[in-house]
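Data file: my_file-v4.cif. Format and content: mmCIF, C-alpha atoms and all ligand atoms.
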data_structure
loop_
_atom_site.label_atom_id
_atom_site.label_comp_id
_atom_site.auth_asym_id
_atom_site.auth_seq_id
_atom_site.Cartn_x
_atom_site.Cartn_y
_atom_site.Cartn_z
CA MET A 43 62.98 61.33 43.35
CA LYS A 44 60.94 60.43 46.43
CA PRO A 45 60.25 63.50 48.61
CA LEU A 46 61.73 63.67 52.10
CA PRO A 47 59.32 63.05 54.99
CA ARG A 48 57.08 65.99 55.91
CA GLU A 49 58.12 67.57 59.16
CA PHE A 50 56.33 69.59 61.82
CA ILE A 51 57.97 71.40 64.74
CA LEU A 52 55.82 72.54 67.66
CA PHE A 53 57.40 75.13 69.94
CA SER A 54 56.01 74.44 73.41
CA ARG A 55 56.78 77.39 75.72
CA LEU A 56 55.83 75.69 78.95
CA GLY A 57 55.82 71.94 78.25
CA LYS A 58 57.28 70.22 81.33
CA THR A 59 60.74 68.76 81.00
CA ASP A 60 60.53 66.17 83.73
CA ALA A 61 58.15 63.25 84.14
CA ALA A 62 56.55 64.38 87.42
CA PHE A 63 53.06 65.25 86.21
CA ASN A 64 49.55 63.95 86.78
CA ASN A 65 47.98 64.92 83.48
CA LEU A 66 49.08 66.43 80.17
CA HIS A 67 47.10 69.66 80.49
CA ASP A 68 48.69 70.60 83.82
CA ALA A 69 52.16 69.69 82.55
CA GLY A 70 52.57 73.02 80.72
CA ARG A 71 49.94 72.12 78.12
CA LEU A 72 51.50 68.87 76.93
CA ASP A 73 47.92 68.11 75.83
CA ILE A 74 48.64 70.37 72.84
CA VAL A 75 51.72 68.27 72.04
CA TYR A 76 49.53 65.15 72.24
CA GLU A 77 46.87 66.63 69.91
CA CYS A 78 49.53 67.62 67.38
CA ILE A 79 51.08 64.14 67.51
CA VAL A 80 47.71 62.60 66.62
CA THR A 81 46.93 64.94 63.73
CA SER A 82 50.49 64.76 62.34
CA LEU A 83 50.95 61.03 62.37
CA PHE A 84 47.63 59.21 62.39
CA LEU A 85 45.32 58.29 59.55
CA SER A 86 42.14 56.30 60.06
CA HIS A 87 43.48 52.77 60.69
CA GLY A 88 47.08 53.62 59.98
CA LEU A 89 50.10 55.80 60.50
CA ARG A 90 51.62 58.36 58.18
CA ARG A 91 54.97 56.74 57.56
CA ASP A 92 56.15 59.85 55.69
CA VAL A 93 55.83 62.29 58.59
CA ILE A 94 58.24 63.33 61.34
CA PHE A 95 56.88 65.35 64.26
CA HIS A 96 59.06 67.33 66.66
CA ALA A 97 58.13 69.09 69.89
CA VAL A 98 60.61 71.33 71.65
CA LEU A 99 59.60 71.65 75.29
CA ASN A 100 60.79 74.80 77.02
CA GLY A 101 59.13 74.46 80.40
CA PRO A 102 60.71 73.71 83.80
CA PRO A 103 62.80 72.17 85.24
CA LYS A 104 65.43 71.31 82.56
CA PRO A 105 64.65 72.94 79.20
CA PRO A 106 64.97 72.32 76.38
CA VAL A 107 63.81 68.79 75.65
CA HIS A 108 63.41 67.89 71.99
CA ILE A 109 61.09 64.97 71.28
CA LYS A 110 61.21 63.48 67.80
CA ILE A 111 58.57 61.04 66.53
CA ASP A 112 59.33 59.33 63.24
CA GLY A 113 56.30 57.80 61.49
CA GLU A 114 58.52 55.39 59.58
CA THR A 115 59.60 53.47 62.69
CA LEU A 116 56.81 54.39 65.14
CA TYR A 117 55.29 51.29 66.67
CA ASP A 118 52.97 50.15 69.45
CA VAL A 119 50.83 53.32 69.61
CA ARG A 120 47.15 54.28 69.69
CA THR A 121 45.37 57.62 69.46
CA ASP A 122 44.02 57.84 73.00
CA VAL A 123 45.30 60.35 75.54
CA GLY A 124 46.15 57.67 78.12
CA THR A 125 48.57 55.95 75.74
CA TRP A 126 50.37 59.21 74.96
CA GLN A 127 50.46 60.40 78.54
CA GLN A 128 52.34 57.20 79.34
CA ILE A 129 54.64 57.44 76.31
CA LEU A 130 55.48 61.13 76.86
CA ARG A 131 56.20 60.53 80.53
CA LYS A 132 58.47 57.60 79.65
CA VAL A 133 60.37 59.44 76.89
CA ILE A 134 60.82 62.63 78.96
CA ALA A 135 62.24 60.42 81.73
CA GLY A 136 64.90 59.22 79.27
CA LYS A 137 63.44 55.81 78.42
CA SER A 138 62.92 54.67 74.84
CA HIS A 139 59.92 53.83 72.66
CA PRO A 140 60.09 52.56 69.03
CA GLY A 141 60.22 55.54 66.65
CA ILE A 142 60.55 58.14 69.43
CA SER A 143 63.67 59.83 70.75
CA ALA A 144 64.42 62.68 73.15
CA ASP A 145 67.51 64.87 73.31
CA LYS A 146 68.60 68.33 74.42
CA ALA A 147 68.50 70.11 71.04
CA SER A 148 67.17 73.66 71.21
CA PHE A 149 64.57 74.99 68.78
CA GLU A 150 67.27 77.06 67.07
CA ALA A 151 69.75 74.18 66.69
CA LEU A 152 67.05 71.86 65.37
CA LEU A 153 65.74 74.37 62.87
CA LYS A 154 69.19 75.28 61.60
CA GLN A 155 69.92 71.62 60.94
CA GLU A 156 66.57 70.84 59.31
CA ALA A 157 66.69 73.94 57.09
CA GLN A 158 69.66 72.45 55.26
CA THR A 159 67.33 70.01 53.49
CA ARG A 160 63.88 71.54 53.80
CA GLN A 161 61.81 74.58 52.91
CA VAL A 162 60.77 76.16 56.20
CA TYR A 163 57.24 77.53 56.61
CA VAL A 164 56.21 79.36 59.79
CA LEU A 165 52.48 79.10 60.40
CA GLU A 166 50.98 82.40 61.48
CA GLU A 167 47.68 84.14 60.80
CA GLY A 168 49.36 87.15 59.20
CA GLY A 169 51.46 85.17 56.69
CA LYS A 170 51.08 84.59 52.96
CA ASN A 171 47.79 82.89 52.13
CA VAL A 172 48.44 79.18 51.67
CA ALA A 173 45.57 78.99 49.15
CA GLU A 174 47.56 81.17 46.75
CA MET A 175 50.76 79.15 46.72
CA GLU A 176 52.14 75.72 46.06
CA LEU A 177 53.92 74.18 49.03
CA SER A 178 57.34 72.66 48.54
CA GLU A 179 57.43 68.83 48.67
CA ASN A 180 60.33 68.82 51.11
CA SER A 181 58.79 71.04 53.69
CA LEU A 182 59.00 71.73 57.39
CA PHE A 183 56.22 73.55 59.25
CA VAL A 184 56.77 75.51 62.48
CA LEU A 185 53.89 76.08 64.88
CA GLY A 186 53.37 77.79 68.21
CA ASP A 187 51.37 76.47 71.15
CA HIS A 188 48.26 78.06 72.71
CA VAL A 189 50.11 81.36 73.23
CA GLY A 190 51.68 81.39 69.78
CA LEU A 191 55.32 81.36 68.72
CA PRO A 192 57.56 83.70 70.79
CA LYS A 193 58.80 86.67 68.70
CA LYS A 194 62.45 85.63 69.14
CA ALA A 195 61.79 82.10 67.89
CA GLU A 196 59.72 83.47 65.00
CA SER A 197 62.48 85.87 63.90
CA PHE A 198 65.01 83.04 64.06
CA ALA A 199 62.80 80.73 62.00
CA LEU A 200 62.20 83.44 59.40
CA ARG A 201 65.94 83.53 58.64
CA TYR A 202 65.32 80.16 56.99
CA GLY A 203 61.82 80.47 55.59
CA GLU A 204 58.59 82.39 55.23
CA LYS A 205 55.31 82.90 57.08
CA ILE A 206 52.23 81.19 55.72
CA SER A 207 48.62 81.61 56.80
CA LEU A 208 45.47 79.51 56.74
CA GLY A 209 43.42 82.71 57.00
CA ARG A 210 42.67 85.25 59.74
CA GLN A 211 40.81 82.74 61.91
CA PRO A 212 43.06 81.50 64.77
CA TYR A 213 42.91 77.70 64.77
CA LEU A 214 44.23 75.11 67.19
CA ALA A 215 47.78 74.11 66.29
CA ALA A 216 46.53 70.53 65.78
CA SER A 217 43.84 71.73 63.35
CA CYS A 218 46.50 73.58 61.34
CA ILE A 219 48.44 70.33 61.00
CA THR A 220 45.33 68.53 59.72
CA VAL A 221 44.86 71.22 57.06
CA ILE A 222 48.52 71.13 55.98
CA ASN A 223 48.49 67.33 55.75
CA TYR A 224 45.32 67.53 53.66
CA LEU A 225 46.75 70.17 51.32
CA LEU A 226 49.97 68.19 50.81
CA ASP A 227 48.03 64.94 50.25
CA ARG A 228 45.95 66.69 47.60
CA GLN A 229 48.99 68.28 46.01
CA ALA A 230 50.79 64.91 45.85
CA LYS A 231 47.70 63.22 44.33
CA SER A 232 47.29 65.82 41.61
CA GLY A 233 51.00 65.46 40.85
CA SER A 234 51.50 69.23 40.83
C1 LIG B 301 46.23 78.33 69.04
S1 LIG B 301 47.29 79.07 67.89
C2 LIG B 301 47.97 80.37 68.85
C3 LIG B 301 47.16 81.55 68.78
C4 LIG B 301 47.85 82.72 69.43
N1 LIG B 301 46.80 83.59 69.88
C5 LIG B 301 48.78 83.46 68.46
O1 LIG B 301 48.67 84.67 68.40
O2 LIG B 301 49.64 82.84 67.84
C6 LIG B 301 48.65 77.98 67.78
C7 LIG B 301 49.45 78.07 66.54
O3 LIG B 301 48.68 77.62 65.44
C8 LIG B 301 49.09 78.29 64.27
N2 LIG B 301 47.92 78.97 63.70
C9 LIG B 301 46.71 79.14 64.28
N3 LIG B 301 45.86 79.72 63.43
C10 LIG B 301 46.53 79.91 62.26
C11 LIG B 301 46.17 80.47 61.01
N4 LIG B 301 44.96 80.95 60.76
N5 LIG B 301 47.12 80.48 60.03
C12 LIG B 301 48.35 79.98 60.26
N6 LIG B 301 48.74 79.43 61.43
C13 LIG B 301 47.85 79.41 62.44
C14 LIG B 301 50.22 79.22 64.65
O4 LIG B 301 51.46 78.58 64.42
C15 LIG B 301 49.96 79.42 66.13
O5 LIG B 301 51.14 79.76 66.81
#

The structure in this file should be written as structure tokens.
Ligand SMILES: C[S@@+](CC[C@H](N)C(=O)[O-])C[C@H]1O[C@@H](n2cnc3c(N)ncnc32)[C@H](O)[C@@H]1O
Amino acid sequence: MKPLPREFILFSRLGKTDAAFNNLHDAGRLDIVYECIVTSLFLSHGLRRDVIFHAVLNGPPKPPVHIKIDGETLYDVRTDVGTWQQILRKVIAGKSHPGISADKASFEALLKQEAQTRQVYVLEEGGKNVAEMELSENSLFVLGDHVGLPKKAESFALRYGEKISLGRQPYLAASCITVINYLLDRQAKSGS
């Protein structure tokens, strides 16, 4: 049976929840959301049609805002920051873009729903070493932003899954996504 799409959820503590911003960095670090979008969904000259990326923005003025980007239907996008600044502003303002939706789901509500069909992995330096395990095909990966995942969100997520680590080195969230995509690509290729 074909595996479900891979999913990533980024918990953004401060990501702005209205469209009044001049740049992604000053909008509660929406630049991290942008970087994670690129590493989740883009290949060289193509999109990963089997990936869904979520960001839950918890910054002012109207948290939460859940943005979902589905690689299967995503359209009319490029990798540059200008393109995504425009798209994120538009979607946060309630307008649509092919393959992208925004709603008011909280991190907890989203995770509870996704955990019904997926193995949840919480990325954290102190977790089980990813090199010593085989990842489930139908998996969902939870990541924190530049500050890391809040303890409350982490405890909630761990009701549904386990912590995994890429080693003791703290990486950018976007780099972690690149590594996970690579590991799953390799796993799928070797058929294990
Ligand atoms: C820039 S890091 C945040 C670092 C922050 N100092 C902390 O304590 O979480 C952003 C996110 O990337 C993930 N991450 C970074 N390095 C990791 C590692 N070595 N193993 C697993 N996940 C990692 C975690 O989900 C983390 O919340």

- Message: Counting all atoms listed in the file, which residues have an atom no more than 12 Å from (68.9, 71.8, 55.9) in the file's coordinates? Please list them as a ChimeraX atom specification.
- Response: /A:46,151-162,180-182,202-203

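The spacing separating atom CA of His188 of chain A from atom CA of Gly88 of chain A amounts to 27.6 Å.
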
- Item | Å distance separating atom C15 of ligand LIG 301 (chain B) from atom CA of Ser54 of chain A, one decimal place | 10.7 Å

- Message: as a ChimeraX atom specification, please: every protein or nucleic acid residue near ligand LIG 301 (chain B) (cut-off 7 Å, counting all atoms listed in the file).
- Response: /A:164-167,184-191,206-215,218

- Ala216 of chain A: which residues within 8 Å, counting only C-alpha atoms, same-chain residues fewer than 3 positions away excluded, as a list in words?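 Returned residues: Ile74, Glu77, Cys78, Thr81, Ser82, Ile219 and Thr220 of chain A.
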
- Query: Hey, which of A:Leu200, A:Leu225, A:Ile142, A:Val123 ends up closest to Ala173 of chain A? Count all atoms listed in the file.
  - Reply: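 Counting all atoms listed in the file, the residue closest to Ala173 of chain A is A:Leu225.
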
- Atom pair atom CA of His87 of chain A / atom CA of Met43 of chain A: separation (Å): 27.5 Å

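The closest residue to Ser148 of chain A, picked from A:Lys104, A:Arg71, A:Lys205, A:Lys231 and counting all atoms listed in the file, is A:Lys104.
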
- Query: Between A:Leu52, A:Val80, A:Leu89, A:Ala144, which is the closest to Trp126 of chain A once you count all atoms listed in the file?
  - Reply: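 Checking each candidate against Trp126 of chain A, we get A:Val80 as the closest.
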
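For the set A:Lys110, A:Pro192, A:Gly124, A:Asp73, the residue with the smallest atom-to-atom gap to Ser143 of chain A is A:Lys110, counting all atoms listed in the file.
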
- Which residue gives the smallest distance to Glu196 of chain A among A:Ile79, A:Leu130, A:Glu150, A:Ile94, with only C-alpha atoms counted?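 Nearest candidate to Glu196 of chain A out of A:Ile79, A:Leu130, A:Glu150, A:Ile94: A:Glu150.
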
- Item | Of the listed residues A:Gly141, A:Phe149, A:Lys44, A:Glu204, that which approaches Lys170 of chain A most closely, counting only C-alpha atoms | A:Glu204
